[in-house]
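Beneath this line is the structure, given in structure tokens, with notes to follow.
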Amino acid sequence: MRILIIDLEKKEHTYLEDESLRQLYIGGVGLNTALLYKYIDRTITPFDVRNSLFLTSGALVGTNIPTTSRCEATALSPTGYFGTANSGGKSGLAIKLCNIDSIWIKGKSENPVYALIDEKGVTLKDASHMWGRDTFETVHILKEMEGQDAEVLSIGQAGEAGVQFASIQSDYHHSFGRTGLGAIMGSKKLKALCFIGKGEIQIRDKTLLREITKKIRGRILSSDSFGYTRRYGSMVVSDVYNRLGILPGRNFRQGSFDNWEATRGRRFFEETYKERTLACVSCPIGCLHWSRVKDGEYAGYETCGLEVTFTLEFGAKLDLENIPEIFQCVELCNRLGMDVISTSATIAYIIELFEKGFLKETDIGFRPAFGDFKSIYKLISMIGRQEGTGRLFGHGIKHAVEHFKGSESFACEIKGLEMPVRDPRGRFDTWMLGVLINTRGGDHLRIRTPVDDLKDFERSYEYEPLALTPAELELIDMPQALKDKILGIPPSKVAIPAMTKYSEEYMTLLNSFGLCIRPPVLRTIGPSIMSEAFRAVYGYEMDENELLFAAERIINMAHLFNLDRGLAFQDYHYPDRFYKESEDYIKGKRLPLDHTKIEGMLKAYFVLRGWDETGHIKEETIKRLGID
């Protein structure tokens, strides 16, 4: 593997080349985890100059293998724990075309700079004229200066100001959103990375690559989920979430809305706003949308979207009914460079603080309210620009709770990361246990089950029903021994702790190889097919079990890093709201969660991982995985 090391303090660059890293850590999140684990001092603060930022393409990015566009960014997060985020678009390919796999950014520049990177090396250039500009302006300026084909990763005012959920934006509409890596980039006075490489992707076996590319494409297109994912993108689940009562409505107090489908539903969006389908590099699914507002105050406005995350966060959590207003909130977050999920969660918390008397109008300057676009938009701006009350809330919910004792029950964060998109009371399943055990905190995208089927069921904590047909199950690329263990013989139900362990390893592989995580991929592409692709591109003979072993090593390294940072068993905890309050939805109420039973599922997961019941890794597990 070839790692470009940029030292911002010394204003120099070098290369680290070590091909042995490929089989151990693959690429993407795998390599980033290893570099963070090995080189970052556990005692430093996130904004210490000794913190580093790692950006690594997925191992299959740059090939024609379908959906291989993903790239991973990783650092010690402002949450204090392992921080990592993933993005599609063209950023992963841009890195590969510079004849490198990874970028390691060290030190801190004295003045704002941007890095111009190609296959020949790096030039650090002055960015003082862009400091204070938003990301859209920054991308425009750099494309004017360095060429329209340049791929730009940049931060906005939020990253410059150290907002602890600042994002790194990839061109205009893609984001490395979660865990505040834009703030780490800003602390280094690095405004942007600009890629103009024209290198070549090296392939070990081109004939085998053509065969595996054809095979993967055929499997993805044959998935029962392909058609509706291409048509609706992530918005496909919008109506289903409402019917199940799992929306995060009004800061997780309302699981459904009577007018949801008529105002924020998938068909309403498609018929009213969608203009055409877009896709990331090498993707046949095309789950992205280009949209246009045809009438009203924002008539003529065009943007990329709508993603279901935007709908669930601004449409449900903040109860904005008007899609053009959701578009405006998302664009402001992208321009300022802020994670949509943490931003909306923080604003929901602010509004509830105001409703309960913790904050007064004189504290904020206006009256914030759910469903009130003007106050919500103003709060986004105040937080992103660190103005007024925004200065306090730019540190995230966990920090704000210290100033508002008694608000802990509705401060919706886990391990310092604001909770996203789904209410666990509406459906406790593999995904929702995954939110608790997630290495990067309260997040939904690092544990995704390949057998997820959104049908309602009675909560059992230990199991969820298996609704897939035998034909659908046959397509799922999962080791047979694990299928039998997790789903039973014959397949009948899903063992939640066991599926959580497998799904975490599976997602680690997807994020290491650079594959997408949309349903047509989850339902058809797994470790054995990744093994074939790995052999075609690099010549490595690693079977599905060896890949899962590598993923297990990567996960444990990230967990060890968090343990060194002070992670404890009590941090695996939903806010008290979820254990003490019911949630309203269209069919009645969703009952609170059972804390004791969830603790039992956590401990069952720990045992499967080879950890003790407090979440500490047993010595024999560390030795078995070969971790120093």
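To be explicit about the labels: the chains of the structure tokens are called A, B, and onward in the order shown, and within each one the residues are counted from 1, while ligands get numbers from 1 in the order they are shown.
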* Asked: Neighbours of Ala568 of chain A within 10 Å (only C-alpha atoms; same-chain residues fewer than 3 positions away dropped), as JSON, numbers by chain?
  -> {"A": [415, 562, 563, 564, 565, 571, 572, 614, 615, 616]}
Contacts of segment 156-233 of chain A with segment 524-537 of chain A up to 10 Å, shortest pair per row, only C-alpha atoms, as a tab-separated table:
```
residue	atom	partner	partner_atom	distance
A:Ile201	CA	A:Val537	CA	9.5
A:Gln202	CA	A:Val537	CA	7.7
A:Ile203	CA	A:Val537	CA	4.8
A:Arg204	CA	A:Val537	CA	5.1
A:Asp205	CA	A:Ala536	CA	5.0
A:Lys206	CA	A:Ala536	CA	7.0
A:Thr207	CA	A:Ala536	CA	8.1
A:Leu208	CA	A:Ala536	CA	5.4
A:Leu209	CA	A:Ala536	CA	5.1
A:Arg210	CA	A:Ala536	CA	8.8
A:Glu211	CA	A:Ala536	CA	9.2
A:Ile212	CA	A:Ala533	CA	6.3
A:Thr213	CA	A:Ala533	CA	8.0
A:Lys215	CA	A:Ile529	CA	8.9
A:Ile216	CA	A:Ile525	CA	7.1
A:Arg217	CA	A:Thr524	CA	9.8
A:Gly218	CA	A:Thr524	CA	9.5
A:Arg219	CA	A:Thr524	CA	5.9
A:Ile220	CA	A:Thr524	CA	6.1
A:Leu221	CA	A:Thr524	CA	9.3
A:Ser222	CA	A:Thr524	CA	8.5
A:Ser223	CA	A:Thr524	CA	6.8
A:Asp224	CA	A:Thr524	CA	9.9
```
Please produce a file of those selected residues containing C-alpha atoms, as a PDB file, in the first residue's frame.
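Printed below is result_28.pdb as written:
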```
ATOM      1  CA  ILE A 201      -5.268   1.806 -11.545  1.00  0.00           C
ATOM      2  CA  GLN A 202      -3.158  -1.352 -11.461  1.00  0.00           C
ATOM      3  CA  ILE A 203      -5.067  -4.645 -11.804  1.00  0.00           C
ATOM      4  CA  ARG A 204      -3.463  -8.058 -11.194  1.00  0.00           C
ATOM      5  CA  ASP A 205      -5.871 -10.216 -13.253  1.00  0.00           C
ATOM      6  CA  LYS A 206      -7.970  -8.247 -15.754  1.00  0.00           C
ATOM      7  CA  THR A 207      -9.753 -11.328 -17.112  1.00  0.00           C
ATOM      8  CA  LEU A 208     -10.852 -12.411 -13.648  1.00  0.00           C
ATOM      9  CA  LEU A 209     -11.853  -8.829 -12.860  1.00  0.00           C
ATOM     10  CA  ARG A 210     -14.161  -8.722 -15.889  1.00  0.00           C
ATOM     11  CA  GLU A 211     -15.751 -11.978 -14.761  1.00  0.00           C
ATOM     12  CA  ILE A 212     -16.300 -10.888 -11.169  1.00  0.00           C
ATOM     13  CA  THR A 213     -17.559  -7.454 -12.287  1.00  0.00           C
ATOM     14  CA  LYS A 215     -21.112 -11.499 -11.660  1.00  0.00           C
ATOM     15  CA  ILE A 216     -21.543  -8.714  -9.108  1.00  0.00           C
ATOM     16  CA  ARG A 217     -23.538  -6.556 -11.493  1.00  0.00           C
ATOM     17  CA  GLY A 218     -25.845  -9.468 -12.284  1.00  0.00           C
ATOM     18  CA  ARG A 219     -26.432 -10.250  -8.630  1.00  0.00           C
ATOM     19  CA  ILE A 220     -27.161  -6.612  -7.743  1.00  0.00           C
ATOM     20  CA  LEU A 221     -29.616  -6.241 -10.618  1.00  0.00           C
ATOM     21  CA  SER A 222     -31.322  -9.515  -9.682  1.00  0.00           C
ATOM     22  CA  SER A 223     -32.041  -8.398  -6.114  1.00  0.00           C
ATOM     23  CA  ASP A 224     -35.700  -7.916  -5.254  1.00  0.00           C
TER      24      ASP A 224
END
```
* Counting only C-alpha atoms, figure out which residue out of A:Val163, A:Ile285, A:Ile6, A:Ala73 gets nearest to Gly227 of chain A. =>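 Ranked by minimum distance to Gly227 of chain A, first place goes to A:Ile285.
For the set A:Glu200, A:Asp295, A:Asp134, A:Glu361, the residue with the smallest atom-to-atom gap to Pro324 of chain A is A:Asp295, counting only C-alpha atoms.
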* To do: From a DSSP calculation on the backbone, collect every residue of segment 51-206 of chain A in helix (DSSP H, G or I) and output the set as a PyMOL selection string.
  => chain A and resi 91-96+135-146+157-161+178-187+206
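With only C-alpha atoms taken into account, the protein and nucleic acid residues at most 9 Å from Phe370 of chain A (excluding it and anything under 5 positions from it in its own chain) are Arg250, Lys317, Leu318, Asp319, Leu320, Ala348, Ile351, Glu352, Ser375 and Ile376 of chain A.
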Those residues you just picked out, can you put them in a file as a PDB file, in the first residue's frame with N, CA and C atoms?
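out29.pdb, freshly written:
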```pdb
ATOM      1  N   ARG A 250     -40.062  14.923  16.634  1.00  0.00           N
ATOM      2  CA  ARG A 250     -40.011  15.914  17.711  1.00  0.00           C
ATOM      3  C   ARG A 250     -39.126  15.434  18.871  1.00  0.00           C
ATOM      4  N   LYS A 317     -37.651  14.690  13.014  1.00  0.00           N
ATOM      5  CA  LYS A 317     -37.086  15.112  14.298  1.00  0.00           C
ATOM      6  C   LYS A 317     -37.397  16.571  14.594  1.00  0.00           C
ATOM      7  N   LEU A 318     -37.416  17.422  13.536  1.00  0.00           N
ATOM      8  CA  LEU A 318     -37.727  18.845  13.714  1.00  0.00           C
ATOM      9  C   LEU A 318     -39.092  19.213  13.147  1.00  0.00           C
ATOM     10  N   ASP A 319     -39.789  18.227  12.567  1.00  0.00           N
ATOM     11  CA  ASP A 319     -41.175  18.380  12.105  1.00  0.00           C
ATOM     12  C   ASP A 319     -41.359  19.484  11.066  1.00  0.00           C
ATOM     13  N   LEU A 320     -40.447  19.571  10.109  1.00  0.00           N
ATOM     14  CA  LEU A 320     -40.654  20.456   8.968  1.00  0.00           C
ATOM     15  C   LEU A 320     -41.460  19.701   7.915  1.00  0.00           C
ATOM     16  N   ALA A 348     -33.145  19.933  18.016  1.00  0.00           N
ATOM     17  CA  ALA A 348     -34.293  19.326  18.693  1.00  0.00           C
ATOM     18  C   ALA A 348     -34.124  19.431  20.207  1.00  0.00           C
ATOM     19  N   ILE A 351     -34.796  23.056  21.266  1.00  0.00           N
ATOM     20  CA  ILE A 351     -36.226  23.366  21.273  1.00  0.00           C
ATOM     21  C   ILE A 351     -36.897  22.769  22.515  1.00  0.00           C
ATOM     22  N   GLU A 352     -36.520  21.533  22.850  1.00  0.00           N
ATOM     23  CA  GLU A 352     -37.128  20.939  24.046  1.00  0.00           C
ATOM     24  C   GLU A 352     -36.637  21.635  25.313  1.00  0.00           C
ATOM     25  N   SER A 375     -36.956  29.683  12.671  1.00  0.00           N
ATOM     26  CA  SER A 375     -36.143  29.544  13.889  1.00  0.00           C
ATOM     27  C   SER A 375     -35.128  28.414  13.739  1.00  0.00           C
ATOM     28  N   ILE A 376     -35.511  27.346  13.068  1.00  0.00           N
ATOM     29  CA  ILE A 376     -34.593  26.219  12.855  1.00  0.00           C
ATOM     30  C   ILE A 376     -33.435  26.634  11.956  1.00  0.00           C
TER      31      ILE A 376
END
```
* DSSP-assigned strand (DSSP E or B) among segment 135-250 of chain A, expressed as a list of chain:residue names -> A:Glu151, A:Val152, A:Leu153, A:Ser154, A:Ala166, A:Ile168, A:Gln169, A:Ser170, A:His174, A:Ser175, A:Phe176, A:Leu190, A:Lys191, A:Ala192, A:Leu193, A:Cys194, A:Phe195
Dump as a short mmCIF file (atom, residue, chain, number, x, y, z; two decimals), in the first residue's frame, selection limited to N, CA, C and O atoms:
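What ended up in selection.cif:
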```
data_model
loop_
_atom_site.label_atom_id
_atom_site.label_comp_id
_atom_site.auth_asym_id
_atom_site.auth_seq_id
_atom_site.Cartn_x
_atom_site.Cartn_y
_atom_site.Cartn_z
N GLU A 151 -11.19 17.43 -8.03
CA GLU A 151 -12.09 16.93 -6.97
C GLU A 151 -11.66 17.59 -5.67
O GLU A 151 -10.49 17.57 -5.29
N VAL A 152 -12.64 18.17 -4.95
CA VAL A 152 -12.32 18.99 -3.78
C VAL A 152 -12.98 18.43 -2.52
O VAL A 152 -14.18 18.16 -2.50
N LEU A 153 -12.18 18.26 -1.48
CA LEU A 153 -12.68 18.01 -0.13
C LEU A 153 -12.41 19.28 0.67
O LEU A 153 -11.27 19.76 0.70
N SER A 154 -13.44 19.80 1.32
CA SER A 154 -13.25 21.08 2.01
C SER A 154 -14.07 21.15 3.28
O SER A 154 -14.96 20.34 3.52
N ALA A 166 -18.65 19.15 12.94
CA ALA A 166 -18.36 19.66 11.59
C ALA A 166 -18.01 18.52 10.66
O ALA A 166 -17.35 17.56 11.05
N ILE A 168 -16.58 17.05 6.71
CA ILE A 168 -15.73 17.32 5.55
C ILE A 168 -16.61 17.09 4.33
O ILE A 168 -17.20 16.02 4.17
N GLN A 169 -16.73 18.10 3.48
CA GLN A 169 -17.60 18.00 2.31
C GLN A 169 -16.80 17.58 1.08
O GLN A 169 -15.70 18.08 0.85
N SER A 170 -17.37 16.66 0.32
CA SER A 170 -16.77 16.21 -0.93
C SER A 170 -17.51 16.88 -2.08
O SER A 170 -18.69 16.57 -2.32
N HIS A 174 -21.70 15.66 -1.33
CA HIS A 174 -21.33 14.47 -0.57
C HIS A 174 -20.61 14.89 0.70
O HIS A 174 -19.90 15.89 0.72
N SER A 175 -20.76 14.07 1.75
CA SER A 175 -20.20 14.46 3.05
C SER A 175 -19.53 13.30 3.76
O SER A 175 -20.03 12.17 3.72
N PHE A 176 -18.41 13.58 4.42
CA PHE A 176 -17.92 12.75 5.50
C PHE A 176 -18.56 13.37 6.75
O PHE A 176 -18.00 14.29 7.35
N LEU A 190 -6.25 23.46 7.66
CA LEU A 190 -6.32 22.88 6.32
C LEU A 190 -7.72 23.11 5.76
O LEU A 190 -8.68 22.48 6.19
N LYS A 191 -7.83 24.03 4.84
CA LYS A 191 -9.13 24.40 4.29
C LYS A 191 -9.64 23.35 3.32
O LYS A 191 -10.85 23.09 3.27
N ALA A 192 -8.75 22.76 2.52
CA ALA A 192 -9.23 21.85 1.47
C ALA A 192 -8.11 20.94 0.98
O ALA A 192 -6.92 21.24 1.12
N LEU A 193 -8.53 19.84 0.39
CA LEU A 193 -7.66 18.97 -0.39
C LEU A 193 -8.20 19.00 -1.81
O LEU A 193 -9.40 18.81 -2.03
N CYS A 194 -7.33 19.25 -2.77
CA CYS A 194 -7.74 19.39 -4.16
C CYS A 194 -6.96 18.36 -4.99
O CYS A 194 -5.74 18.40 -5.06
N PHE A 195 -7.70 17.42 -5.61
CA PHE A 195 -7.08 16.32 -6.33
C PHE A 195 -7.16 16.54 -7.84
O PHE A 195 -8.25 16.79 -8.38
#
```
* **For Val401 of chain A: contacts at 12 Å, only C-alpha atoms, fewer than 3 positions along chain excluded, given as a ChimeraX atom specification** => /A:346,349-350,353,358,392-393,395-398,404-413,416,575
* **Distance in Å - atom CA of Gly182 of chain A versus atom CA of Thr45 of chain A** => 15.6 Å
* To do: Go through A:Thr263, A:Asn334, A:Gln570, A:Asn51 one by one, measure the shortest atom-to-atom distance of each to Ile184 of chain A using only C-alpha atoms, and give the residue with the smallest value.
  =>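 For Ile184 of chain A, the nearest of the candidates is A:Asn51.
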